[in-house]
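Here's target17.txt, which has compact mmCIF, C-alpha atoms:
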# COMPACT_ATOMS: atom_id res chain seq x y z
CA MET A 1 90.05 98.09 86.66
CA VAL A 2 86.28 98.05 86.67
CA ASP A 3 84.36 98.21 89.92
CA ASP A 4 81.97 95.28 90.07
CA GLY A 5 78.92 96.86 91.64
CA SER A 6 77.36 93.43 92.20
CA LEU A 7 79.83 92.72 94.99
CA THR A 8 78.85 93.97 98.40
CA GLY A 9 81.87 92.84 100.41
CA PRO A 10 84.43 95.12 102.04
CA THR A 11 85.97 97.64 99.65
CA VAL A 12 89.66 97.61 98.75
CA VAL A 13 91.11 100.45 96.66
CA VAL A 14 93.78 99.26 94.23
CA ILE A 15 96.17 101.95 92.94
CA GLU A 16 98.04 100.39 90.02
CA ASP A 17 98.78 101.83 86.56
CA ASP A 18 99.56 98.53 84.81
CA PRO A 19 96.26 97.11 83.48
CA ARG A 20 97.42 93.49 83.59
CA SER A 21 98.64 93.76 87.17
CA ALA A 22 95.47 95.59 88.19
CA GLU A 23 93.30 92.91 86.59
CA LEU A 24 95.21 90.15 88.38
CA VAL A 25 94.88 91.87 91.76
CA GLU A 26 91.16 92.43 91.11
CA LEU A 27 90.71 88.74 90.26
CA HIS A 28 92.25 87.60 93.54
CA LEU A 29 90.31 90.12 95.62
CA ARG A 30 87.00 89.23 94.00
CA ALA A 31 87.71 85.56 94.62
CA ALA A 32 87.84 86.44 98.30
CA GLY A 33 84.46 88.19 98.12
CA LEU A 34 85.97 91.68 98.28
CA ARG A 35 84.89 94.68 96.24
CA ALA A 36 87.85 96.06 94.30
CA VAL A 37 87.86 99.69 93.15
CA GLY A 38 90.78 100.74 90.99
CA ALA A 39 92.74 103.86 90.12
CA SER A 40 95.60 104.19 87.63
CA THR A 41 97.17 107.34 89.12
CA GLY A 42 98.08 108.42 92.62
CA GLU A 43 95.81 111.44 92.45
CA GLN A 44 92.80 109.30 91.48
CA GLY A 45 93.71 106.82 94.19
CA LEU A 46 93.71 109.46 96.91
CA ASP A 47 90.30 110.69 95.79
CA LEU A 48 88.94 107.13 95.84
CA VAL A 49 90.26 106.37 99.31
CA ARG A 50 88.64 109.55 100.64
CA ALA A 51 85.35 108.79 98.89
CA GLN A 52 85.10 105.03 99.45
CA ASP A 53 86.34 104.62 103.05
CA PRO A 54 87.95 101.25 102.16
CA VAL A 55 89.11 98.55 104.58
CA ALA A 56 92.51 98.53 102.84
CA VAL A 57 94.55 99.97 99.99
CA VAL A 58 96.78 97.98 97.61
CA LEU A 59 99.41 100.43 96.34
CA ASP A 60 102.00 100.20 93.58
CA ILE A 61 105.04 102.46 93.86
CA HIS A 62 105.77 103.16 90.18
CA LEU A 63 102.89 105.41 89.15
CA PRO A 64 102.68 108.21 86.57
CA GLY A 65 102.89 111.67 88.12
CA MET A 66 102.46 111.28 91.87
CA ASP A 67 104.38 108.10 92.80
CA GLY A 68 103.44 105.55 95.44
CA TRP A 69 105.74 107.00 98.10
CA GLU A 70 103.96 110.36 97.77
CA VAL A 71 100.57 108.64 97.89
CA LEU A 72 101.54 106.72 101.03
CA THR A 73 102.82 109.91 102.69
CA ALA A 74 99.63 111.79 101.76
CA LEU A 75 97.39 108.99 103.09
CA LYS A 76 99.20 108.80 106.42
CA SER A 77 99.38 112.59 106.89
CA ASP A 78 95.62 113.07 106.36
CA PRO A 79 93.64 112.36 109.57
CA THR A 80 90.68 111.07 107.52
CA THR A 81 92.77 108.34 105.80
CA ALA A 82 95.67 107.80 108.23
CA ASP A 83 94.10 104.70 109.77
CA VAL A 84 93.44 102.92 106.45
CA PRO A 85 95.88 99.97 106.17
CA VAL A 86 98.10 100.09 103.08
CA VAL A 87 99.60 97.05 101.36
CA VAL A 88 102.49 98.16 99.15
CA VAL A 89 103.10 95.90 96.14
CA SER A 90 106.25 96.88 94.25
CA VAL A 91 109.19 95.57 92.27
CA GLU A 92 111.42 97.66 94.54
CA PRO A 93 112.55 95.70 97.65
CA GLU A 94 112.39 98.78 99.90
CA ARG A 95 110.49 97.31 102.82
CA GLY A 96 112.24 99.51 105.37
CA ARG A 97 111.17 102.69 103.60
CA GLY A 98 107.64 101.37 103.16
CA PHE A 99 107.19 100.53 106.83
CA ALA A 100 108.83 103.80 107.90
CA LEU A 101 106.23 105.73 105.88
CA GLY A 102 103.37 103.76 107.42
CA ALA A 103 102.73 100.75 105.19
CA THR A 104 101.08 97.85 107.01
CA GLU A 105 102.35 95.18 104.58
CA TYR A 106 105.06 95.27 101.91
CA LEU A 107 105.08 92.67 99.13
CA VAL A 108 107.72 92.46 96.41
CA LYS A 109 106.53 91.64 92.88
CA PRO A 110 105.90 89.08 91.51
CA VAL A 111 103.35 88.35 94.24
CA SER A 112 101.34 85.13 94.36
CA GLY A 113 97.61 85.35 94.80
CA GLU A 114 97.97 83.36 98.01
CA HIS A 115 100.35 85.91 99.56
CA LEU A 116 98.31 88.90 98.39
CA LEU A 117 95.08 87.50 99.83
CA ALA A 118 96.78 86.54 103.07
CA ALA A 119 98.12 90.10 103.43
CA VAL A 120 94.75 91.73 102.70
CA THR A 121 92.61 89.38 104.78
CA ARG A 122 94.86 89.98 107.81
CA LEU A 123 93.72 93.60 107.65
CA LEU A 124 89.99 92.92 107.53
CA PRO A 125 88.03 93.67 110.70
CA PRO A 126 86.55 90.58 112.38
CA PRO A 127 82.80 90.17 111.86
CA ARG A 128 80.54 91.24 114.69
CA ALA A 129 78.96 88.45 116.70
CA ASP A 130 75.57 89.05 115.07
CA GLU A 131 77.13 88.92 111.58
CA GLN A 132 78.96 85.61 111.94
CA THR A 133 78.30 83.22 109.05
CA PRO A 134 79.08 79.52 108.93
CA ARG A 135 82.58 78.84 107.61
CA LEU A 136 82.64 77.27 104.17
CA SER A 137 84.17 73.81 104.08
CA VAL A 138 85.20 71.50 101.28
CA VAL A 139 86.24 67.87 100.92
CA VAL A 140 88.69 67.42 98.03
CA VAL A 141 89.10 63.86 96.75
CA ASP A 142 92.12 63.38 94.48
CA ASP A 143 95.12 61.06 94.34
CA ASP A 144 97.33 63.80 92.86
CA PRO A 145 99.24 65.56 95.70
CA LEU A 146 99.85 68.65 93.51
CA ALA A 147 96.15 69.03 92.79
CA LEU A 148 95.34 68.78 96.49
CA LYS A 149 98.01 71.38 97.30
CA LEU A 150 96.78 73.81 94.63
CA VAL A 151 93.17 73.64 95.77
CA ARG A 152 94.19 73.97 99.43
CA SER A 153 96.48 76.96 98.76
CA THR A 154 93.68 78.66 96.80
CA LEU A 155 90.83 78.12 99.24
CA GLU A 156 92.43 78.33 102.70
CA PRO A 157 93.48 82.01 102.32
CA LEU A 158 89.82 82.72 101.50
CA GLY A 159 88.70 81.25 104.82
CA TRP A 160 87.66 77.79 103.62
CA GLU A 161 88.13 74.76 105.84
CA VAL A 162 89.78 72.22 103.52
CA HIS A 163 89.70 68.45 104.06
CA THR A 164 91.51 66.18 101.62
CA CYS A 165 91.81 62.49 100.92
CA ALA A 166 93.68 60.63 98.22
CA GLY A 167 91.50 57.58 97.76
CA GLY A 168 87.91 57.07 96.82
CA GLN A 169 87.36 54.48 99.55
CA GLN A 170 87.86 57.13 102.26
CA ALA A 171 85.80 59.82 100.57
CA ALA A 172 82.28 58.82 101.56
CA ASP A 173 83.25 58.36 105.22
CA LEU A 174 85.03 61.73 105.27
CA VAL A 175 82.07 63.53 103.68
CA ARG A 176 79.68 62.02 106.22
CA ALA A 177 82.02 62.92 109.09
CA VAL A 178 82.59 66.61 108.26
CA ALA A 179 79.37 67.47 106.34
CA PRO A 180 81.15 69.92 103.99
CA SER A 181 79.60 72.81 102.08
CA VAL A 182 80.76 71.23 98.82
CA VAL A 183 82.73 68.20 97.58
CA VAL A 184 85.40 68.42 94.85
CA ILE A 185 86.28 65.07 93.32
CA ASP A 186 88.53 63.67 90.62
CA LEU A 187 87.15 60.91 88.40
CA LEU A 188 90.41 59.05 87.76
CA MET A 189 91.71 57.45 90.95
CA PRO A 190 93.21 54.04 91.77
CA HIS A 191 91.13 51.25 93.29
CA VAL A 192 87.84 53.19 93.42
CA ASP A 193 87.03 55.65 90.65
CA GLY A 194 85.27 58.96 91.11
CA PHE A 195 82.07 57.70 89.50
CA ALA A 196 81.74 55.05 92.19
CA VAL A 197 82.22 57.64 94.93
CA ILE A 198 79.58 59.89 93.35
CA ASP A 199 77.23 56.91 93.08
CA GLU A 200 77.66 56.30 96.81
CA LEU A 201 77.30 59.96 97.82
CA ARG A 202 74.44 60.67 95.44
CA PRO A 203 72.77 57.35 94.50
CA HIS A 204 69.77 59.19 93.05
CA ARG A 205 69.41 62.60 91.47
CA ASP A 206 67.17 63.77 94.30
CA SER A 207 69.45 62.42 97.05
CA ASP A 208 70.32 64.78 99.87
CA GLY A 209 73.90 65.85 100.48
CA PRO A 210 76.45 68.54 99.68
CA PRO A 211 76.90 69.70 96.08
CA ILE A 212 79.49 67.73 94.12
CA VAL A 213 81.96 69.38 91.73
CA VAL A 214 84.06 67.29 89.38
CA LEU A 215 87.65 68.50 88.81
CA THR A 216 89.34 66.13 86.40
CA ALA A 217 91.75 65.61 83.53
CA LYS A 218 89.45 62.98 82.02
CA SER A 219 87.72 63.77 78.74
CA LEU A 220 84.10 63.06 79.45
CA THR A 221 82.17 60.94 76.98
CA PRO A 222 78.45 61.45 76.35
CA GLN A 223 77.87 58.34 78.51
CA ASP A 224 79.92 59.90 81.33
CA ARG A 225 77.92 63.12 81.17
CA SER A 226 74.65 61.21 81.16
CA ARG A 227 75.75 59.28 84.25
CA LEU A 228 76.66 62.52 86.05
CA GLU A 229 73.64 64.54 84.96
CA GLY A 230 71.59 65.77 87.90
CA ARG A 231 74.16 64.57 90.45
CA ILE A 232 76.86 67.20 90.17
CA ALA A 233 76.95 71.00 90.16
CA PHE A 234 79.52 71.41 87.38
CA VAL A 235 82.66 69.95 85.79
CA ALA A 236 86.00 71.81 85.76
CA GLU A 237 88.91 70.60 83.66
CA LYS A 238 92.32 70.46 85.32
CA ALA A 239 94.12 71.65 82.19
CA GLY A 240 94.51 75.42 82.44
CA ILE A 241 92.24 75.63 85.49
CA ASP A 242 91.39 79.16 86.64
CA LEU A 243 91.76 78.65 90.41
CA PRO A 244 90.34 82.02 91.52
CA GLY A 245 87.42 81.43 89.17
CA LEU A 246 86.95 77.95 90.64
CA ALA A 247 86.93 79.45 94.14
CA ARG A 248 84.16 81.87 93.16
CA ARG A 249 82.06 79.11 91.60
CA LEU A 250 82.50 76.87 94.64
CA ALA A 251 81.39 79.70 96.93
CA THR A 252 78.33 80.30 94.75
CA VAL A 253 77.39 76.61 94.70
CA ALA A 254 77.85 76.32 98.47
CA ALA A 255 75.75 79.45 99.09
CA GLU A 256 72.95 78.18 96.83
CA HIS A 257 72.92 74.84 98.63
CA THR A 258 72.79 76.55 102.03
CA GLY A 259 69.95 78.74 100.83
CA GLU A 260 67.98 75.72 99.63
CA GLY A 261 68.42 74.06 103.01
CA GLN A 262 66.96 76.99 104.91
CA PRO A 263 63.25 77.16 105.72
Written as structure tokens, how would this file's structure read?
Amino acid sequence: MVDDGSLTGPTVVVIEDDPRSAELVELHLRAAGLRAVGASTGEQGLDLVRAQDPVAVVLDIHLPGMDGWEVLTALKSDPTTADVPVVVVSVEPERGRGFALGATEYLVKPVSGEHLLAAVTRLLPPPRADEQTPRLSVVVVDDDPLALKLVRSTLEPLGWEVHTCAGGQQAADLVRAVAPSVVVIDLLMPHVDGFAVIDELRPHRDSDGPPIVVLTAKSLTPQDRSRLEGRIAFVAEKAGIDLPGLARRLATVAAEHTGEGQP
């Protein structure tokens, strides 16, 4: 795993020797705005925890050399690292042993991104009163219940406030009522299509309002793209959608919009 130095969020040390698993964990953590620092051996992991002072550790049990049980024991027996919460992620369903040795959470592989993020975010310290930032919110407009569920299950563990509606006719009223950070909208809906909703929310390219992101299965024609130009932030295709990547892009768009609105 590569440490992304551009991220300044709380640090989580990930001790995992499987590159694919480590990359997946990193992806989910980065989507939540966390800084992931990885180690492929227990010895490296211990050194990182001592050097980085992380808010949490994500620990695999099957490691080369020093295994995860030994790492967990070493972390909890060292006064400088004993208070660091440890999330064990393992194929072995040995929750009792994990908790007995001091693990804060124990997840059995395969672990969904939703469950991993929920476990890690429960361990994060609450922001101080002077560091509170407005909660990100999104209105998702789509007639597909599965699409609504996927977006909700991706964004809510990251702290987003998610509002959904299935029909275009309700969308404009909902957006005006909740004033979201960003709007995600499908183009293909019954009765009122997404283009009509976008026309109402953003009648002109310089109209005020939250950024609009199109998430759709529709193949956009050149005429479609011309109609949307200047009114939306970006288009994401439903086929093969990278949900953690979408979450990061939505957060970036929302932050840019908030920055533009500040004096």
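Between Glu200 of chain A and the residues A:Asp78, A:Asp173, A:Glu26, A:Asp47, the shortest atom-to-atom distance, using only C-alpha atoms, involves A:Asp173.
Residue nearest Lys76 of chain A within the list A:Asp53, A:Val91, A:Ala177, A:Leu101: A:Leu101 [criterion: smallest interatomic distance, all atoms listed in the file].
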Of A:Thr121, A:Ser207, A:Ser21, A:Thr11, the one sitting nearest Ser90 of chain A when using all atoms listed in the file is A:Ser21
For Ala251 of chain A: contacts at 10 Å, only C-alpha atoms, fewer than 4 positions along chain excluded, given as a VMD selection string:
chain A and resid 31 to 33 136 to 137 155 160 181 to 182 245 to 247 255 to 257
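Here the question is which of A:Ala103, A:Pro157, A:Leu215, A:Gln52 gets nearest to Gly240 of chain A using all atoms listed in the file, and that residue is A:Leu215.
Within the 6 Å cut-off around Ala39 of chain A, using all atoms listed in the file and omitting residues fewer than 5 positions from it on the same chain, the listed residues are Ile15, Gln44 and Gly45 of chain A.
Comparing the minimum interatomic distances between Asp60 of chain A and each of A:Val37, A:Leu187, A:Val25, A:Val197, counting all atoms listed in the file, we find that A:Val25 sits nearest.
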Extract, using all atoms listed in the file, all DNA, RNA and protein residues at most 8 Å from Gly102 of chain A, discarding same-chain residues fewer than 6 positions from it, and format them as a PyMOL selection string.
chain A and resi 72-73+76+86
Just the number, please: distance in Å from atom CA of Ser112 of chain A to atom CA of Gly38 of chain A, one decimal.
19.1 Å
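Residue nearest Pro10 of chain A, chosen from A:Ala22, A:Ala56, A:Ser40, A:Gly167 and counting only C-alpha atoms: A:Ala56.
By only C-alpha atoms, and with residues fewer than 3 positions from Asp143 of chain A along its chain excluded, the set lying at most 12 Å from it is Val140, Leu146, Ala147, Leu148, Lys149, Thr164, Cys165, Ala166, Gly167, Gly168, Gln169, Gln170, Ala171, Ile185, Asp186, Leu187, Leu188, Met189, Pro190, His191, Val192, Asp193, Gly194, Leu215 and Thr216 of chain A.
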Taken to one decimal, the atom CA of Glu94 of chain A-atom CA of Pro64 of chain A distance is 19.0 Å
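Atom CA of Leu59 of chain A is positioned 8.4 Å from atom CA of Val71 of chain A.
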Residue list as a VMD selection string for point (96.1, 83.3, 100.4), cut-off 7 Å, all atoms listed in the file:
chain A and resid 113 to 118 153 to 154 156 to 158
Would you mind exporting the chosen residues as a PDB file, in the frame of the given file, restricted to C-alpha atoms?
ATOM      1  CA  GLY A 113      97.610  85.350  94.800  1.00  0.00           C
ATOM      2  CA  GLU A 114      97.970  83.360  98.010  1.00  0.00           C
ATOM      3  CA  HIS A 115     100.350  85.910  99.560  1.00  0.00           C
ATOM      4  CA  LEU A 116      98.310  88.900  98.390  1.00  0.00           C
ATOM      5  CA  LEU A 117      95.080  87.500  99.830  1.00  0.00           C
ATOM      6  CA  ALA A 118      96.780  86.540 103.070  1.00  0.00           C
ATOM      7  CA  SER A 153      96.480  76.960  98.760  1.00  0.00           C
ATOM      8  CA  THR A 154      93.680  78.660  96.800  1.00  0.00           C
ATOM      9  CA  GLU A 156      92.430  78.330 102.700  1.00  0.00           C
ATOM     10  CA  PRO A 157      93.480  82.010 102.320  1.00  0.00           C
ATOM     11  CA  LEU A 158      89.820  82.720 101.500  1.00  0.00           C
TER      12      LEU A 158
END
